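Notes follow once the structure below has been shown.
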Amino acid sequence: MTDLLDIRGLTLGFRGLNGYTEVLHGIDLSIARGERVALVGESGSGKSVTARIILGLLQETRTARVAGRVNFDGRDISSMRARPRAALRGTDMSMIFQDPTSSLNPTFTIGRQFAEVMRRREAGLSQKACEARATAMLEEVSIPDPARVLSAYPFQLSGGMNQRVMIAMALVNNPKLLLADEPGTALDVSVQAQTLTLMQDLVARHNTAVLLISHNLGVVREFADRVYVIYRGRIVETGPTAAIFDRPGHAYTRALMAAVPRITGAGLPEVPEVSDDFLAPMVTHPEAT
Ligand SMILES: Nc1ncnc2c1ncn2[C@@H]1O[C@H](COP(=O)(O)OP(=O)(O)OP(=O)(O)O)[C@@H](O)[C@H]1O
């Protein structure tokens with residue numbers, strides 16, 4: 001079966017006052033159906049822009065140059081027109097952000113926001129059907145009183161609760177692919193851990209493929225089947241999670257691992273000292289059989 005997502009030669013550059021700056025230099029990345037893949041690298045390496053291109057939020061403009069091919073669910077979405085491309089967002093692919101407040105609308109109740117998301121998939125869905133499905137989904141993310149939450153505004157809920165709501169909303173249309181950009185890191189460490197456990201349960205139950213974007217190697221090891229390590233807009237190493245962690249082959253991966261603070265040390269920078277070795281050719285580990 002073909003991969004759910006298949007990216008070939010993805011290049012991104014920005015034209016600015018100081019000329020053209022390329023930030024992605026030909027990325028290849030694929031995700032099978034139901035597979036959990038992590039894209040890991042330090043700040044500024046190109047993780048978020050890759051996710052934005054997959055979602056169709058970053059496209060060719062006067063200042064941005066995007067080249068390469070993005071295939072999703074058997075279709076070349078890089079050449080798709082804006083409207084059908086936008087229709088994929090929130091339906092077949094959805095996103096969980098670092099901070100729930102950036103994706104929930106403060107002026108609408110949670111119930112109304114659920115209905116809007118569900119009607120992207122099925123325009124004529126009745127109020128009653130929306131409520132029933134939203135309630136079931138909130139129960140799945142262990143929200144004890146779904147009726148109260150549906151009638152609440154985001155500011156009336158705790159950060160952790162909003163995070164659960166955001167996950168429920170991202171999965172309510174049963175997307176084939178979930179993009180998760182450092183989920184929960186804007187909140188405290190315990191919420192972050194809960195978020196990952198919750199996400200792990202849900203995607204396993206619904207067979208949702210995930211691209212997890214993170215600079216936290218502990219999280220990646222816990223969550224992903226396969227890993228891509230990105231450094232300055234290039235994939236430097238890829239392979240099954242166990243192989244990457246047991247036998248890191250690229251100097252940058254090794255440095256990234258060495259930079260992880262021992263024991264807990266959360267919050268410390270995980271940025272390795274720069275070395276010329278980081279420009280060494282990509283290392284590919286064979287797939288586990
Ligand atoms: N609109 C833009 N114009 C110019 N440069 C941009 C733009 N958006 C992103 N970049 C550059 O692209 C590079 C990759 O950025 P990106 O946000 O993808 O990094 P990241 O790996 O997600 O980092 P972080 O972990 O901090 O989110 C950075 O050097 C950034 O400055």
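Identifiers in the structure tokens: chain A, B, ... in order shown; residue index from 1 per chain; ligand index from 1 in order shown.
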
Using only C-alpha atoms and all ligand atoms, I'd like a table of the residues in chain A that come within 10 Å of ligand 1; for each, show the closest atom pair and its distance in Å rounded to one decimal, ordered by chain and ascending number, as CSV.
```
residue,atom,partner,partner_atom_place_in_ligand_line,distance
A:Leu12,CA,ligand 1,12 (O),8.4
A:Gly13,CA,ligand 1,5 (N),7.6
A:Phe14,CA,ligand 1,4 (C),5.4
A:Arg15,CA,ligand 1,4 (C),7.8
A:Gly16,CA,ligand 1,4 (C),7.5
A:Tyr20,CA,ligand 1,4 (C),9.5
A:Thr21,CA,ligand 1,5 (N),7.6
A:Glu22,CA,ligand 1,12 (O),8.1
A:Val23,CA,ligand 1,12 (O),5.1
A:Leu24,CA,ligand 1,14 (C),7.6
A:Leu39,CA,ligand 1,21 (O),9.1
A:Val40,CA,ligand 1,21 (O),8.1
A:Gly41,CA,ligand 1,21 (O),6.3
A:Glu42,CA,ligand 1,25 (O),5.9
A:Ser43,CA,ligand 1,26 (O),3.6
A:Gly44,CA,ligand 1,19 (O),3.3
A:Ser45,CA,ligand 1,21 (O),3.8
A:Gly46,CA,ligand 1,18 (O),3.3
A:Lys47,CA,ligand 1,21 (O),3.9
A:Ser48,CA,ligand 1,22 (O),3.6
A:Val49,CA,ligand 1,18 (O),3.8
A:Thr50,CA,ligand 1,18 (O),6.3
A:Ala51,CA,ligand 1,18 (O),7.9
A:Arg52,CA,ligand 1,18 (O),8.3
A:Ile53,CA,ligand 1,18 (O),9.9
A:Leu58,CA,ligand 1,1 (N),8.7
A:Thr63,CA,ligand 1,3 (N),8.0
A:Ala64,CA,ligand 1,1 (N),7.5
A:Gln98,CA,ligand 1,27 (O),9.7
A:Asp181,CA,ligand 1,27 (O),8.2
A:Glu182,CA,ligand 1,25 (O),8.2
A:Ile213,CA,ligand 1,22 (O),7.9
A:Ser214,CA,ligand 1,25 (O),7.0
A:His215,CA,ligand 1,25 (O),6.6
A:Asn216,CA,ligand 1,25 (O),9.9
A:Ile230,CA,ligand 1,21 (O),8.1
A:Tyr231,CA,ligand 1,21 (O),8.5
A:Arg232,CA,ligand 1,14 (C),7.7
A:Gly233,CA,ligand 1,14 (C),7.1
```

Filtered DSSP result for region 54-246 of chain A, state strand (DSSP E), as an NGL selection string: :A and (64-72 or 75-76 or 93-96 or 177-181 or 209-214 or 226-231 or 234-240)

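Straight-line separation from CA of Asn207 (chain A) to CA of Met137 (chain A): 15.4 Å.
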
Distance in Å - CA of Arg133 (chain A) versus CA of Gln194 (chain A):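 Atom-to-atom, CA of Arg133 (chain A) to CA of Gln194 (chain A), that is 22.9 Å.
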
Among listed residues A:Val236, A:Val227, A:Met199, A:Val210, nearest Pro281 (chain A) (using only C-alpha atoms): A:Val236

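Proximity to Ala280 (chain A) at 9 Å, evaluated using only C-alpha atoms and with sequence-adjacent residues fewer than 6 positions away removed, yields Val236, His250, Ala251 and Tyr252 of chain A.
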
Now that the selection is made, can you save its residues with C-alpha atoms as a PDB file, in the first residue's frame?
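This is the output file again-v6.pdb:
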```pdb
ATOM      1  CA  VAL A 236      20.473  14.188   8.584  1.00  0.00           C
ATOM      2  CA  HIS A 250      25.122  11.079  12.397  1.00  0.00           C
ATOM      3  CA  ALA A 251      27.289  13.487  14.375  1.00  0.00           C
ATOM      4  CA  TYR A 252      24.373  15.900  14.838  1.00  0.00           C
TER       5      TYR A 252
END
```

Taking 2 positions as the minimum chain separation for residues in the same chain, which residues sit within 10 Å of Met169 (chain A) when counting only C-alpha atoms? Answer as a PDB file with C-alpha atoms, in the first residue's frame.
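Contents of part-v6.pdb, freshly written:
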```
ATOM      1  CA  GLY A  90      -9.743  19.850   9.962  1.00  0.00           C
ATOM      2  CA  SER A  94      -5.641  18.234  11.523  1.00  0.00           C
ATOM      3  CA  MET A  95      -3.229  19.900  13.852  1.00  0.00           C
ATOM      4  CA  ILE A  96      -2.583  20.202  17.567  1.00  0.00           C
ATOM      5  CA  LEU A 104      -9.542  27.873  20.192  1.00  0.00           C
ATOM      6  CA  ILE A 110     -16.737  24.981  22.855  1.00  0.00           C
ATOM      7  CA  GLN A 113     -16.572  25.385  17.776  1.00  0.00           C
ATOM      8  CA  PHE A 114     -17.106  21.622  17.687  1.00  0.00           C
ATOM      9  CA  ALA A 115     -20.122  22.097  15.420  1.00  0.00           C
ATOM     10  CA  VAL A 117     -15.379  21.655  12.807  1.00  0.00           C
ATOM     11  CA  MET A 118     -17.845  18.810  12.243  1.00  0.00           C
ATOM     12  CA  ALA A 134     -18.887  16.136  20.560  1.00  0.00           C
ATOM     13  CA  MET A 137     -15.429  12.718  21.869  1.00  0.00           C
ATOM     14  CA  LEU A 138     -15.083  14.716  25.115  1.00  0.00           C
ATOM     15  CA  GLN A 163      -5.758  21.095  25.773  1.00  0.00           C
ATOM     16  CA  ARG A 164      -8.049  18.054  26.020  1.00  0.00           C
ATOM     17  CA  VAL A 165     -10.750  19.946  24.144  1.00  0.00           C
ATOM     18  CA  MET A 166      -8.282  20.820  21.394  1.00  0.00           C
ATOM     19  CA  ILE A 167      -7.224  17.171  21.033  1.00  0.00           C
ATOM     20  CA  LEU A 171      -9.785  14.072  16.171  1.00  0.00           C
ATOM     21  CA  VAL A 172     -13.560  14.505  15.951  1.00  0.00           C
ATOM     22  CA  ASN A 173     -13.591  14.166  12.152  1.00  0.00           C
ATOM     23  CA  ASN A 174     -11.406  11.075  12.308  1.00  0.00           C
TER      24      ASN A 174
END
```

Region 87-193 of chain A near region 2-11 of chain A within 12 Å: what's each residue's closest atom pair and its distance in Å to one decimal, counting only C-alpha atoms, ordered by chain then ascending residue number, as CSV?
```
residue,atom,partner,partner_atom,distance
A:Asp92,CA,A:Leu4,CA,10.8
A:Met93,CA,A:Leu5,CA,10.6
A:Pro175,CA,A:Leu4,CA,11.5
A:Lys176,CA,A:Leu4,CA,7.9
A:Leu177,CA,A:Leu4,CA,8.0
A:Leu178,CA,A:Leu5,CA,11.2
A:Leu179,CA,A:Leu5,CA,11.6
```
